[in-house]
Amino acid sequence: LSGVRVIYTAQADTDAQGIAKLQLVPAPSGGSNLTYRVSIVSPSRLPYASVSRDMQVGPTDGLLSALTLPTRSRLIGRLLSASGEPVSGGQVVAQPIAKPVEVRSPLDVVPDLTLPQTTTDSDGRFVLRLDPGDYDLDMIPVLGTGPRTSLDNQRIRDVDVDLGEVRLPRLALAKVLVVGPSLAPAPQVKVRVLELPDTSPRYGLACTLDLPCSKVAKVRAEAFTDSKGRVQFLLPDSLPSASLLPHSLP
């Protein structure tokens, strides 16, 4: 059939030598080489970034030229409690900010579904290696020691970024009573508390094309009601603060 576009795809994992074997449609003998888009998806746990490259494939088997992966940028910071004490053993998770819905090409790099994350050390310090993009940073202290919160709208480019000291907000105790239509207590009801995103324009944060903007509500707490329909949560009473502005590291 003429005028029909056909896309051929193949995938494989690299071995211990970094070699991946793919079965590709060869170029016709005596004709010009075929151009393939090669996408390398690097797992989030590795320091190497994901890349896409166009490569030429001839009519016979062979080894394509080596692809050198760039190093992911480092996001560095120190997590402190509201009183200024280091938060050790806390999780820091980078959640990519979703872009507006658009038609994706099958040639695009498939994102790694494992979110980049790390744990703070005894001094509260953390390091995340991230591909360029916009992220929300979830800060999750050890259960019962502090509120779950986030540092949203962080833009990562191709240089390291130091967030400085990130101070968690103070705790606020929230109590909820859940009742049914007859006003009787509702036991064993799961209650989830979400924080709506702050999209008000301010320095470095705005819902414009050139600045990151998170529009996703964040889960802050969830629990089941007791036999009397009561449930309580530890929630942040404000947004976390950081010793910004972020700056490039030498």
# chains A, B, ... in the order shown; residues from 1 in each chain; ligands from 1
$ residues_around --residues "segment 179-191 of chain A" --least-positions-apart "5" --cutoff "12 Å" --atoms "only C-alpha atoms" --output "JSON, numbers by chain"
{"A": [174, 219, 220, 221, 222, 223, 224, 225, 226, 227, 228, 229, 230, 231, 232, 233]}
$ write_last_selection --atoms "all heavy atoms" --output "short mmCIF file (atom, residue, chain, number, x, y, z; two decimals), in the first residue's frame"
data_model
loop_
_atom_site.label_atom_id
_atom_site.label_comp_id
_atom_site.auth_asym_id
_atom_site.auth_seq_id
_atom_site.Cartn_x
_atom_site.Cartn_y
_atom_site.Cartn_z
N ALA A 174 -5.28 17.57 63.52
CA ALA A 174 -6.63 17.73 62.97
C ALA A 174 -7.49 16.56 63.44
O ALA A 174 -7.07 15.40 63.37
CB ALA A 174 -6.58 17.77 61.45
N VAL A 219 -1.50 13.96 48.76
CA VAL A 219 -1.99 13.24 49.93
C VAL A 219 -1.13 13.61 51.13
O VAL A 219 0.09 13.50 51.09
CB VAL A 219 -1.95 11.72 49.70
CG1 VAL A 219 -2.36 10.98 50.97
CG2 VAL A 219 -2.85 11.33 48.54
N ARG A 220 -1.77 14.07 52.19
CA ARG A 220 -1.05 14.47 53.39
C ARG A 220 -1.24 13.46 54.54
O ARG A 220 -0.38 13.34 55.40
CB ARG A 220 -1.50 15.87 53.84
CG ARG A 220 -1.03 16.96 52.90
CD ARG A 220 0.47 17.08 52.94
NE ARG A 220 0.97 18.06 51.98
CZ ARG A 220 1.69 17.76 50.93
NH1 ARG A 220 1.99 16.50 50.68
NH2 ARG A 220 2.13 18.69 50.12
N ALA A 221 -2.38 12.78 54.57
CA ALA A 221 -2.62 11.79 55.62
C ALA A 221 -3.82 10.95 55.23
O ALA A 221 -4.67 11.38 54.44
CB ALA A 221 -2.87 12.48 56.96
N GLU A 222 -3.90 9.74 55.78
CA GLU A 222 -5.07 8.89 55.62
C GLU A 222 -5.14 7.91 56.78
O GLU A 222 -4.10 7.45 57.28
CB GLU A 222 -5.06 8.16 54.27
CG GLU A 222 -3.82 7.32 54.01
CD GLU A 222 -3.85 6.72 52.62
OE1 GLU A 222 -4.85 6.89 51.90
OE2 GLU A 222 -2.87 6.06 52.25
N ALA A 223 -6.36 7.63 57.21
CA ALA A 223 -6.57 6.72 58.34
C ALA A 223 -8.03 6.31 58.37
O ALA A 223 -8.88 6.89 57.67
CB ALA A 223 -6.17 7.40 59.65
N PHE A 224 -8.34 5.30 59.19
CA PHE A 224 -9.70 4.82 59.34
C PHE A 224 -10.31 5.37 60.63
O PHE A 224 -9.59 5.54 61.64
CB PHE A 224 -9.74 3.29 59.37
CG PHE A 224 -9.48 2.65 58.04
CD1 PHE A 224 -8.19 2.29 57.67
CD2 PHE A 224 -10.52 2.41 57.15
CE1 PHE A 224 -7.94 1.70 56.44
CE2 PHE A 224 -10.29 1.82 55.93
CZ PHE A 224 -9.00 1.46 55.57
N THR A 225 -11.60 5.63 60.61
CA THR A 225 -12.29 6.10 61.81
C THR A 225 -12.37 4.96 62.82
O THR A 225 -12.38 3.78 62.47
CB THR A 225 -13.70 6.59 61.47
OG1 THR A 225 -14.43 5.53 60.83
CG2 THR A 225 -13.66 7.79 60.55
N ASP A 226 -12.47 5.34 64.11
CA ASP A 226 -12.60 4.34 65.17
C ASP A 226 -14.06 3.96 65.34
O ASP A 226 -14.93 4.33 64.53
CB ASP A 226 -11.97 4.85 66.46
CG ASP A 226 -12.64 6.11 67.00
OD1 ASP A 226 -13.77 6.43 66.54
OD2 ASP A 226 -12.07 6.77 67.87
N SER A 227 -14.36 3.24 66.42
CA SER A 227 -15.73 2.75 66.63
C SER A 227 -16.72 3.88 66.85
O SER A 227 -17.94 3.67 66.71
CB SER A 227 -15.75 1.80 67.84
OG SER A 227 -15.30 2.47 69.01
N LYS A 228 -16.23 5.06 67.20
CA LYS A 228 -17.12 6.21 67.42
C LYS A 228 -17.07 7.19 66.25
O LYS A 228 -17.53 8.33 66.38
CB LYS A 228 -16.73 6.91 68.72
CG LYS A 228 -16.93 6.03 69.95
CD LYS A 228 -16.59 6.79 71.23
CE LYS A 228 -16.83 5.90 72.46
NZ LYS A 228 -16.49 6.60 73.71
N GLY A 229 -16.50 6.77 65.11
CA GLY A 229 -16.46 7.62 63.94
C GLY A 229 -15.42 8.72 64.00
O GLY A 229 -15.45 9.64 63.19
N ARG A 230 -14.49 8.62 64.93
CA ARG A 230 -13.48 9.67 65.10
C ARG A 230 -12.17 9.27 64.44
O ARG A 230 -11.80 8.09 64.42
CB ARG A 230 -13.25 9.95 66.59
CG ARG A 230 -14.48 10.43 67.34
CD ARG A 230 -14.23 10.49 68.82
NE ARG A 230 -13.79 9.19 69.35
CZ ARG A 230 -13.63 8.94 70.66
NH1 ARG A 230 -13.87 9.89 71.54
NH2 ARG A 230 -13.23 7.74 71.06
N VAL A 231 -11.45 10.25 63.94
CA VAL A 231 -10.13 10.03 63.37
C VAL A 231 -9.33 11.31 63.54
O VAL A 231 -9.90 12.42 63.55
CB VAL A 231 -10.22 9.64 61.87
CG1 VAL A 231 -10.79 10.77 61.03
CG2 VAL A 231 -8.86 9.23 61.32
N GLN A 232 -8.04 11.19 63.72
CA GLN A 232 -7.20 12.38 63.83
C GLN A 232 -5.91 12.20 63.02
O GLN A 232 -5.46 11.09 62.80
CB GLN A 232 -6.87 12.69 65.30
CG GLN A 232 -6.13 11.62 66.05
CD GLN A 232 -5.94 11.97 67.50
OE1 GLN A 232 -6.71 12.73 68.09
NE2 GLN A 232 -4.89 11.44 68.11
N PHE A 233 -5.36 13.34 62.59
CA PHE A 233 -4.19 13.35 61.71
C PHE A 233 -3.17 14.35 62.22
O PHE A 233 -3.53 15.35 62.85
CB PHE A 233 -4.57 13.75 60.28
CG PHE A 233 -5.70 12.98 59.68
CD1 PHE A 233 -6.99 13.48 59.71
CD2 PHE A 233 -5.48 11.76 59.08
CE1 PHE A 233 -8.04 12.79 59.14
CE2 PHE A 233 -6.52 11.05 58.51
CZ PHE A 233 -7.80 11.57 58.54
#
$ residues_around --residues "Leu235 of chain A" --least-positions-apart "6" --cutoff "10 Å" --atoms "only C-alpha atoms" --output "VMD selection string"
chain A and resid 146 to 149 169 to 174 193 195 220 to 221
$ atom_distance --atom1 "atom CA of Val142 of chain A" --atom2 "atom CA of Arg167 of chain A"
15.1 Å
$ closest_residue --among "A:Thr120, A:Ser65, A:Gln154, A:Ser52" --to "Ile140 of chain A" --atoms "only C-alpha atoms"
A:Thr120
$ closest_residue --among "A:Ala12, A:Leu69, A:Ala49, A:Val57" --to "Leu34 of chain A" --atoms "only C-alpha atoms"
A:Val57
$ atom_distance --atom1 "atom CA of Pro236 of chain A" --atom2 "atom CA of Val161 of chain A"
25.5 Å
